[in-house]
$ cat protein18.cif   # mmCIF, C-alpha atoms and all ligand atoms
data_upload
loop_
_atom_site.group_PDB
_atom_site.id
_atom_site.type_symbol
_atom_site.label_atom_id
_atom_site.label_comp_id
_atom_site.auth_asym_id
_atom_site.auth_seq_id
_atom_site.Cartn_x
_atom_site.Cartn_y
_atom_site.Cartn_z
ATOM 1 C CA MET W 1 -44.756 125.745 -125.169
ATOM 2 C CA LEU W 2 -41.346 127.084 -124.159
ATOM 3 C CA HIS W 3 -40.365 123.717 -122.778
ATOM 4 C CA HIS W 4 -41.264 122.105 -126.080
ATOM 5 C CA ILE W 5 -39.004 124.494 -128.003
ATOM 6 C CA VAL W 6 -36.032 123.836 -125.692
ATOM 7 C CA LEU W 7 -36.283 120.128 -126.304
ATOM 8 C CA ILE W 8 -36.255 120.576 -130.042
ATOM 9 C CA ILE W 9 -33.387 123.052 -130.276
ATOM 10 C CA THR W 10 -31.015 121.411 -127.795
ATOM 11 C CA PRO W 11 -30.607 117.759 -128.765
ATOM 12 C CA ALA W 12 -27.265 117.567 -126.924
ATOM 13 C CA LEU W 13 -28.973 118.433 -123.658
ATOM 14 C CA VAL W 14 -31.660 115.820 -124.226
ATOM 15 C CA SER W 15 -29.001 113.247 -124.966
ATOM 16 C CA GLY W 16 -27.136 114.230 -121.784
ATOM 17 C CA CYS W 17 -30.258 113.751 -119.672
ATOM 18 C CA THR W 18 -30.868 110.313 -121.133
ATOM 19 C CA LEU W 19 -27.316 109.230 -120.308
ATOM 20 C CA GLN W 20 -27.679 110.437 -116.735
ATOM 21 C CA GLU W 21 -30.875 108.469 -116.341
ATOM 22 C CA LYS W 22 -29.144 105.340 -117.623
ATOM 23 C CA GLU W 23 -26.320 105.759 -115.121
ATOM 24 C CA VAL W 24 -28.772 106.060 -112.254
ATOM 25 C CA LYS W 25 -30.638 102.937 -113.379
ATOM 26 C CA THR W 26 -27.401 100.932 -113.550
ATOM 27 C CA THR W 27 -26.458 101.950 -110.026
ATOM 28 C CA VAL W 28 -29.853 100.936 -108.670
ATOM 29 C CA SER W 29 -29.656 97.626 -110.492
ATOM 30 C CA LYS W 30 -26.235 96.882 -108.998
ATOM 31 C CA SER W 31 -27.315 97.712 -105.475
ATOM 32 C CA ASN W 32 -30.229 95.274 -105.814
ATOM 33 C CA THR W 33 -28.082 92.383 -107.033
ATOM 34 C CA THR W 34 -26.879 90.024 -104.301
ATOM 35 C CA VAL W 35 -24.136 88.209 -106.220
ATOM 36 C CA ILE W 36 -21.866 89.901 -108.747
ATOM 37 C CA PRO W 37 -19.034 87.443 -109.381
ATOM 38 C CA ASP W 38 -15.986 89.275 -110.667
ATOM 39 C CA SER W 39 -13.894 86.328 -111.780
ATOM 40 C CA ILE W 40 -14.430 82.987 -113.470
ATOM 41 C CA TYR W 41 -14.181 80.015 -111.093
ATOM 42 C CA GLU W 42 -11.761 77.317 -112.193
ATOM 43 C CA ARG W 43 -11.445 74.061 -110.288
ATOM 44 C CA PRO W 44 -8.001 72.394 -110.273
ATOM 45 C CA GLU W 45 -7.505 70.667 -113.626
ATOM 46 C CA ILE W 46 -5.851 67.651 -112.071
ATOM 47 C CA VAL W 47 -7.482 66.088 -109.017
ATOM 48 C CA THR W 48 -5.754 62.877 -108.056
ATOM 49 C CA SER W 49 -6.902 62.136 -104.521
ATOM 50 C CA GLY W 50 -10.301 61.293 -103.116
ATOM 51 C CA THR W 51 -9.666 63.732 -100.273
ATOM 52 C CA GLU W 52 -9.109 66.628 -102.669
ATOM 53 C CA ALA W 53 -12.131 65.626 -104.752
ATOM 54 C CA LYS W 54 -14.346 65.449 -101.663
ATOM 55 C CA GLN W 55 -13.199 68.908 -100.580
ATOM 56 C CA LEU W 56 -14.250 70.353 -103.946
ATOM 57 C CA LEU W 57 -17.716 68.864 -103.402
ATOM 58 C CA VAL W 58 -17.882 70.097 -99.796
ATOM 59 C CA ASP W 59 -16.917 73.622 -100.888
ATOM 60 C CA GLY W 60 -19.395 73.559 -103.778
ATOM 61 C CA ASN W 61 -22.233 72.360 -101.546
ATOM 62 C CA LYS W 62 -21.456 75.165 -99.096
ATOM 63 C CA ARG W 63 -21.719 77.715 -101.926
ATOM 64 C CA PHE W 64 -25.040 76.155 -102.979
ATOM 65 C CA MET W 65 -26.439 76.224 -99.435
ATOM 66 C CA GLU W 66 -25.485 79.874 -99.032
ATOM 67 C CA ALA W 67 -26.725 80.757 -102.540
ATOM 68 C CA LYS W 68 -23.232 82.049 -103.343
ATOM 69 C CA GLN W 69 -22.636 80.036 -106.478
ATOM 70 C CA ALA W 70 -19.306 80.424 -108.218
ATOM 71 C CA ASN W 71 -19.095 82.150 -111.570
ATOM 72 C CA ILE W 72 -18.662 78.952 -113.596
ATOM 73 C CA ASP W 73 -17.831 79.226 -117.281
ATOM 74 C CA MET W 74 -20.479 77.463 -119.371
ATOM 75 C CA GLY W 75 -19.678 79.364 -122.534
ATOM 76 C CA SER W 76 -18.328 78.395 -125.920
ATOM 77 C CA THR W 77 -14.666 78.641 -124.835
ATOM 78 C CA LYS W 78 -15.243 76.090 -122.092
ATOM 79 C CA ARG W 79 -17.193 73.798 -124.402
ATOM 80 C CA GLU W 80 -14.391 74.028 -126.985
ATOM 81 C CA ALA W 81 -11.797 73.177 -124.333
ATOM 82 C CA LEU W 82 -13.764 70.084 -123.334
ATOM 83 C CA LEU W 83 -13.816 68.793 -126.908
ATOM 84 C CA LYS W 84 -10.407 67.218 -126.339
ATOM 85 C CA GLY W 85 -11.837 65.048 -123.572
ATOM 86 C CA GLN W 86 -13.340 64.891 -120.104
ATOM 87 C CA LYS W 87 -11.634 64.568 -116.752
ATOM 88 C CA PRO W 88 -14.419 64.529 -114.158
ATOM 89 C CA PHE W 89 -13.012 64.538 -110.634
ATOM 90 C CA ALA W 90 -15.872 62.518 -109.120
ATOM 91 C CA ALA W 91 -18.442 59.935 -110.149
ATOM 92 C CA ILE W 92 -21.799 60.260 -108.445
ATOM 93 C CA ILE W 93 -24.567 57.686 -108.204
ATOM 94 C CA SER W 94 -27.666 59.613 -107.277
ATOM 95 C CA CYS W 95 -31.446 59.402 -107.394
ATOM 96 C CA SER W 96 -33.343 60.663 -110.457
ATOM 97 C CA ASP W 97 -35.387 62.883 -108.136
ATOM 98 C CA SER W 98 -35.700 66.320 -109.765
ATOM 99 C CA ARG W 99 -34.922 67.993 -106.444
ATOM 100 C CA VAL W 100 -31.449 66.428 -106.292
ATOM 101 C CA PRO W 101 -29.436 67.548 -109.337
ATOM 102 C CA PRO W 102 -25.770 66.841 -108.485
ATOM 103 C CA GLU W 103 -24.235 69.620 -110.600
ATOM 104 C CA LEU W 104 -26.417 72.180 -108.843
ATOM 105 C CA ILE W 105 -26.178 70.965 -105.253
ATOM 106 C CA PHE W 106 -22.387 70.637 -105.565
ATOM 107 C CA ASP W 107 -22.106 73.838 -107.646
ATOM 108 C CA GLN W 108 -20.031 72.281 -110.417
ATOM 109 C CA GLY W 109 -19.834 72.865 -114.141
ATOM 110 C CA LEU W 110 -19.308 71.146 -117.456
ATOM 111 C CA GLY W 111 -16.841 68.258 -117.340
ATOM 112 C CA ASP W 112 -16.650 68.133 -113.533
ATOM 113 C CA LEU W 113 -18.943 65.271 -112.512
ATOM 114 C CA PHE W 114 -19.652 61.874 -114.057
ATOM 115 C CA ILE W 115 -23.204 61.121 -112.993
ATOM 116 C CA ILE W 116 -25.234 57.941 -112.916
ATOM 117 C CA ARG W 117 -28.864 58.496 -111.958
ATOM 118 C CA ASN W 118 -31.849 56.254 -111.452
ATOM 119 C CA ALA W 119 -34.789 56.180 -109.056
ATOM 120 C CA GLY W 120 -33.379 55.047 -105.726
ATOM 121 C CA ASN W 121 -29.654 55.382 -106.586
ATOM 122 C CA ILE W 122 -29.336 51.644 -107.032
ATOM 123 C CA ILE W 123 -26.842 49.488 -108.880
ATOM 124 C CA ASP W 124 -27.576 47.139 -111.767
ATOM 125 C CA ALA W 125 -25.314 45.801 -114.504
ATOM 126 C CA VAL W 126 -25.590 48.931 -116.636
ATOM 127 C CA SER W 127 -25.045 51.427 -113.829
ATOM 128 C CA LEU W 128 -22.132 49.363 -112.493
ATOM 129 C CA GLY W 129 -20.644 49.378 -115.988
ATOM 130 C CA SER W 130 -20.912 53.167 -115.950
ATOM 131 C CA VAL W 131 -19.088 53.327 -112.607
ATOM 132 C CA GLU W 132 -16.401 51.019 -113.954
ATOM 133 C CA TYR W 133 -15.989 53.242 -117.015
ATOM 134 C CA ALA W 134 -15.401 56.234 -114.732
ATOM 135 C CA VAL W 135 -12.794 54.328 -112.745
ATOM 136 C CA GLU W 136 -11.044 52.441 -115.532
ATOM 137 C CA HIS W 137 -11.061 54.977 -118.370
ATOM 138 C CA LEU W 138 -11.575 58.364 -116.762
ATOM 139 C CA LYS W 139 -9.406 57.567 -113.718
ATOM 140 C CA THR W 140 -11.886 59.220 -111.390
ATOM 141 C CA SER W 141 -10.520 59.209 -107.845
ATOM 142 C CA LEU W 142 -13.818 59.524 -105.973
ATOM 143 C CA ILE W 143 -17.152 57.716 -106.146
ATOM 144 C CA VAL W 144 -20.047 59.140 -104.151
ATOM 145 C CA VAL W 145 -23.292 57.268 -103.575
ATOM 146 C CA LEU W 146 -25.808 59.984 -102.833
ATOM 147 C CA GLY W 147 -29.091 59.157 -101.146
ATOM 148 C CA HIS W 148 -31.537 61.847 -100.146
ATOM 149 C CA GLN W 149 -34.201 62.832 -97.649
ATOM 150 C CA SER W 150 -37.784 61.891 -98.602
ATOM 151 C CA CYS W 151 -36.710 59.488 -101.355
ATOM 152 C CA GLY W 152 -39.875 58.319 -103.126
ATOM 153 C CA ALA W 153 -38.345 55.013 -104.235
ATOM 154 C CA VAL W 154 -37.371 54.099 -100.673
ATOM 155 C CA THR W 155 -40.672 55.359 -99.247
ATOM 156 C CA ALA W 156 -42.641 53.232 -101.745
ATOM 157 C CA THR W 157 -40.629 50.188 -100.705
ATOM 158 C CA VAL W 158 -41.255 50.849 -97.012
ATOM 159 C CA GLU W 159 -44.984 51.282 -97.659
ATOM 160 C CA GLY W 160 -45.120 47.970 -99.523
ATOM 161 C CA GLY W 161 -47.946 47.031 -101.850
ATOM 162 C CA GLU W 162 -47.687 46.058 -105.464
ATOM 163 C CA ALA W 163 -45.491 48.221 -107.682
ATOM 164 C CA PRO W 164 -46.716 48.400 -111.299
ATOM 165 C CA GLY W 165 -44.566 47.607 -114.319
ATOM 166 C CA SER W 166 -40.818 47.754 -114.016
ATOM 167 C CA ILE W 167 -41.071 49.894 -110.879
ATOM 168 C CA SER W 168 -41.207 46.514 -109.149
ATOM 169 C CA ALA W 169 -37.554 45.978 -110.129
ATOM 170 C CA ILE W 170 -36.612 49.102 -108.134
ATOM 171 C CA VAL W 171 -38.668 48.063 -105.121
ATOM 172 C CA LYS W 172 -37.192 44.559 -105.226
ATOM 173 C CA LYS W 173 -33.708 46.031 -105.214
ATOM 174 C CA ILE W 174 -34.382 48.306 -102.207
ATOM 175 C CA THR W 175 -36.329 45.722 -100.140
ATOM 176 C CA PRO W 176 -33.255 44.116 -98.459
ATOM 177 C CA SER W 177 -32.187 47.587 -97.211
ATOM 178 C CA VAL W 178 -35.638 48.167 -95.691
ATOM 179 C CA GLU W 179 -35.507 44.734 -94.011
ATOM 180 C CA LYS W 180 -32.107 45.614 -92.583
ATOM 181 C CA ALA W 181 -33.370 48.978 -91.368
ATOM 182 C CA LYS W 182 -36.228 47.261 -89.536
ATOM 183 C CA GLN W 183 -33.658 45.397 -87.464
ATOM 184 C CA ALA W 184 -32.361 48.727 -86.151
ATOM 185 C CA GLY W 185 -35.493 48.836 -83.993
ATOM 186 C CA ASP W 186 -37.009 52.203 -84.916
ATOM 187 C CA VAL W 187 -40.733 51.522 -85.111
ATOM 188 C CA SER W 188 -41.929 54.851 -86.539
ATOM 189 C CA LYS W 189 -42.528 54.926 -90.269
ATOM 190 C CA GLU W 190 -40.526 58.119 -90.649
ATOM 191 C CA GLY W 191 -37.607 56.645 -88.747
ATOM 192 C CA LEU W 192 -37.746 53.491 -90.816
ATOM 193 C CA ILE W 193 -37.653 55.490 -94.067
ATOM 194 C CA GLU W 194 -34.659 57.517 -92.858
ATOM 195 C CA GLN W 195 -32.772 54.401 -91.797
ATOM 196 C CA SER W 196 -33.674 52.622 -95.056
ATOM 197 C CA ILE W 197 -32.291 55.534 -97.102
ATOM 198 C CA ARG W 198 -28.934 55.131 -95.342
ATOM 199 C CA GLU W 199 -29.002 51.316 -95.622
ATOM 200 C CA ASN W 200 -29.769 51.677 -99.337
ATOM 201 C CA VAL W 201 -26.688 53.879 -99.803
ATOM 202 C CA LYS W 202 -24.573 51.288 -97.984
ATOM 203 C CA ALA W 203 -26.024 48.459 -100.108
ATOM 204 C CA THR W 204 -25.128 50.334 -103.306
ATOM 205 C CA ILE W 205 -21.579 50.870 -102.041
ATOM 206 C CA THR W 206 -21.277 47.153 -101.187
ATOM 207 C CA GLU W 207 -22.326 46.230 -104.724
ATOM 208 C CA ILE W 208 -19.909 48.680 -106.305
ATOM 209 C CA LYS W 209 -17.085 47.221 -104.223
ATOM 210 C CA MET W 210 -17.798 43.778 -105.698
ATOM 211 C CA SER W 211 -16.604 44.927 -109.113
ATOM 212 C CA PRO W 212 -13.110 43.572 -109.925
ATOM 213 C CA ILE W 213 -12.211 46.880 -111.597
ATOM 214 C CA VAL W 214 -13.233 48.841 -108.507
ATOM 215 C CA LYS W 215 -11.495 46.358 -106.201
ATOM 216 C CA HIS W 216 -8.281 46.770 -108.156
ATOM 217 C CA ALA W 217 -8.413 50.562 -107.972
ATOM 218 C CA LEU W 218 -9.177 50.469 -104.232
ATOM 219 C CA LYS W 219 -6.295 48.077 -103.628
ATOM 220 C CA ASN W 220 -3.909 50.407 -105.456
ATOM 221 C CA GLY W 221 -5.077 53.370 -103.399
ATOM 222 C CA GLU W 222 -6.391 55.131 -106.498
ATOM 223 C CA LEU W 223 -10.017 55.299 -105.446
ATOM 224 C CA THR W 224 -12.192 56.433 -102.552
ATOM 225 C CA ILE W 225 -15.870 55.499 -102.189
ATOM 226 C CA LEU W 226 -18.112 57.569 -99.930
ATOM 227 C CA GLY W 227 -21.766 57.578 -98.989
ATOM 228 C CA ALA W 228 -23.723 60.791 -98.471
ATOM 229 C CA GLU W 229 -27.255 62.007 -97.926
ATOM 230 C CA TYR W 230 -28.743 65.186 -99.361
ATOM 231 C CA HIS W 231 -31.212 67.098 -97.206
ATOM 232 C CA LEU W 232 -33.946 68.769 -99.246
ATOM 233 C CA ASN W 233 -34.809 71.455 -96.710
ATOM 234 C CA SER W 234 -31.328 72.712 -95.818
ATOM 235 C CA GLY W 235 -29.597 71.903 -99.112
ATOM 236 C CA GLU W 236 -26.824 70.223 -97.154
ATOM 237 C CA VAL W 237 -25.040 67.072 -98.226
ATOM 238 C CA LYS W 238 -24.179 65.106 -95.087
ATOM 239 C CA TRP W 239 -21.410 62.570 -95.397
ATOM 240 C CA LEU W 240 -22.064 59.139 -93.986
ATOM 241 C CA ASN W 241 -19.428 57.314 -91.994
ATOM 242 C CA ALA W 242 -17.372 54.870 -94.004
ATOM 243 C CA GLU W 243 -17.368 51.318 -92.700
HETATM 244 ZN ZN ZN W 301 -35.080 59.367 -104.491
#
$ encode --input "protein18.cif" --output "structure tokens" --more "lines below"
Ligand SMILES: [Zn+2]
Amino acid sequence: MLHHIVLIITPALVSGCTLQEKEVKTTVSKSNTTVIPDSIYERPEIVTSGTEAKQLLVDGNKRFMEAKQANIDMGSTKREALLKGQKPFAAIISCSDSRVPPELIFDQGLGDLFIIRNAGNIIDAVSLGSVEYAVEHLKTSLIVVLGHQSCGAVTATVEGGEAPGSISAIVKKITPSVEKAKQAGDVSKEGLIEQSIRENVKATITEIKMSPIVKHALKNGELTILGAEYHLNSGEVKWLNAE
């Protein structure tokens, strides 16, 4: 009864208690949070060399692997700034696989990456046109062809059998890479899939290099093309040796 009366006649005290409780809760919440970024990450606005562009991807992938993502601005100010145009520092040809989203695995934001995706990261007229647009109009200095561990498109091609509908077009495109991988001599199915994934990346690079627009940019030293493979379990992007 007495307690009840105190609560009613001393609203300031009640208010004070509530504030104290809030402060305690905030402290607990902070101590439980693993990442509290204190500043907005900004990548260099102008990236003119393939080496610099690759380093941004390497750094971003490291952040992703360690779950220490940068505090990237995705807000209205950033969107407004991008209205004047885009200047992506890299073009990426990657698989449609939902486990391999380039912006996430490279920890990049709006306007950073120009991405072409299809099942099997292959090149056809439309995807090559997209690459050429990135090179010719956006002046992108780096192209990355990104294969990945356990690629379903490559696995289906290795396993053979009849692919229904237009999936057959994908299998047909990847088949020469599987045939090439077989020549490497690894007889296990798993080994053959792994080798085929790398051969498929190389085949895509070879096709990109046949474009006159790409050839011109390479000749002028304005463009770098790299192959890479994403590993689902570790989250690491491993860079393949250039030939
Ligand atoms: Zn895939």
$ residues_near_ligand --input "protein18.cif" --ligand "ligand ZN 301 (chain W)" --cutoff "9 Å" --atoms "all atoms listed in the file" --output "CSV table (one decimal) with C-alpha atoms, keeping the file's coordinate frame"
chain,number,residue,atom,x,y,z
W,94,SER,CA,-27.7,59.6,-107.3
W,95,CYS,CA,-31.4,59.4,-107.4
W,96,SER,CA,-33.3,60.7,-110.5
W,97,ASP,CA,-35.4,62.9,-108.1
W,98,SER,CA,-35.7,66.3,-109.8
W,99,ARG,CA,-34.9,68.0,-106.4
W,100,VAL,CA,-31.4,66.4,-106.3
W,118,ASN,CA,-31.8,56.3,-111.5
W,119,ALA,CA,-34.8,56.2,-109.1
W,120,GLY,CA,-33.4,55.0,-105.7
W,121,ASN,CA,-29.7,55.4,-106.6
W,147,GLY,CA,-29.1,59.2,-101.1
W,148,HIS,CA,-31.5,61.8,-100.1
W,149,GLN,CA,-34.2,62.8,-97.6
W,150,SER,CA,-37.8,61.9,-98.6
W,151,CYS,CA,-36.7,59.5,-101.4
W,152,GLY,CA,-39.9,58.3,-103.1
W,153,ALA,CA,-38.3,55.0,-104.2
W,154,VAL,CA,-37.4,54.1,-100.7
W,155,THR,CA,-40.7,55.4,-99.2
W,197,ILE,CA,-32.3,55.5,-97.1
$ residues_around --input "protein18.cif" --residues "Glu42 of chain W" --least-positions-apart "5" --cutoff "9 Å" --atoms "only C-alpha atoms" --output "number ranges by chain"
W: 71-73
$ atom_distance --input "protein18.cif" --atom1 "atom CA of Lys54 of chain W" --atom2 "atom CA of Glu190 of chain W"
29.3 Å
$ residues_around --input "protein18.cif" --residues "Ala169 of chain W" --least-positions-apart "4" --cutoff "12 Å" --atoms "only C-alpha atoms" --output "PyMOL selection string"
chain W and resi 118-120+122-124+153+157+162-165+173-175
$ closest_residue --input "protein18.cif" --among "W:Thr206, W:Gln195, W:Asn200, W:Lys84" --to "Ile170 of chain W" --atoms "only C-alpha atoms"
W:Asn200
$ closest_residue --input "protein18.cif" --among "W:Leu223, W:Ile105, W:Ala156, W:Leu56" --to "Lys189 of chain W" --atoms "all atoms listed in the file"
W:Ala156
$ resolve_selection --input "protein18.cif" --expression "the PyMOL selection byres (((chain W and resi 224-235) around 8) and not hetatm)" --output "MDAnalysis selection string"
chainID W and resid 50 61 64:65 99:100 105 141:150 198 201:202 205 218 221:223 236:242
$ resolve_selection --input "protein18.cif" --expression "the PyMOL selection byres (((chain W and resi 86) around 9) and not hetatm)" --output "short mmCIF file (atom, residue, chain, number, x, y, z; two decimals) with C-alpha atoms, keeping the file's coordinate frame"
data_model
loop_
_atom_site.label_atom_id
_atom_site.label_comp_id
_atom_site.auth_asym_id
_atom_site.auth_seq_id
_atom_site.Cartn_x
_atom_site.Cartn_y
_atom_site.Cartn_z
CA LEU W 82 -13.76 70.08 -123.33
CA LEU W 83 -13.82 68.79 -126.91
CA LYS W 84 -10.41 67.22 -126.34
CA GLY W 85 -11.84 65.05 -123.57
CA LYS W 87 -11.63 64.57 -116.75
CA PRO W 88 -14.42 64.53 -114.16
CA GLY W 111 -16.84 68.26 -117.34
CA ASP W 112 -16.65 68.13 -113.53
CA LEU W 138 -11.58 58.36 -116.76
#
$ atom_distance --input "protein18.cif" --atom1 "atom CA of Glu136 of chain W" --atom2 "atom CA of Lys215 of chain W"
11.1 Å
$ atom_distance --input "protein18.cif" --atom1 "atom CA of Ile40 of chain W" --atom2 "atom CA of Ile93 of chain W"
27.8 Å
$ residues_near_point --input "protein18.cif" --point "(-31.9, 49.5, -94.1)" --cutoff "6 Å" --atoms "all atoms listed in the file" --output "VMD selection string"
chain W and resid 177 to 181 195 to 196 199
$ closest_residue --input "protein18.cif" --among "W:Ser168, W:Ile92, W:Val126, W:Phe106" --to "Lys68 of chain W" --atoms "only C-alpha atoms"
W:Phe106
$ closest_residue --input "protein18.cif" --among "W:Tyr41, W:Lys78, W:Lys139, W:Val158" --to "Ile213 of chain W" --atoms "only C-alpha atoms"
W:Lys139
$ closest_residue --input "protein18.cif" --among "W:Arg117, W:Lys219, W:Arg79, W:His137" --to "Pro102 of chain W" --atoms "all atoms listed in the file"
W:Arg117
$ residues_around --input "protein18.cif" --residues "Glu52 of chain W" --least-positions-apart "5" --cutoff "12 Å" --atoms "all atoms listed in the file" --output "list of chain:residue names"
W:Arg43, W:Pro44, W:Glu45, W:Ile46, W:Val47, W:Leu57, W:Val58, W:Asp59, W:Phe89, W:Ala90, W:Thr140, W:Ser141, W:Leu142, W:Leu223, W:Thr224
$ resolve_selection --input "protein18.cif" --expression "the PyMOL selection byres (((chain W and resi 115) around 6) and not hetatm)" --output "PyMOL selection string"
chain W and resi 91-92+113-114+116
$ axis_aligned_box --input "protein18.cif" --around "segment 63-81 of chain W" --padding-each-side "3 Å" --output "lines of an AutoDock Vina configuration file"
center_x = -19.3
center_y = 77.7
center_z = -113.0
size_x = 20.9
size_y = 15.0
size_z = 34.0
$ closest_residue --input "protein18.cif" --among "W:Gly109, W:Glu132, W:Glu159, W:Ser39" --to "Ile193 of chain W" --atoms "only C-alpha atoms"
W:Glu159
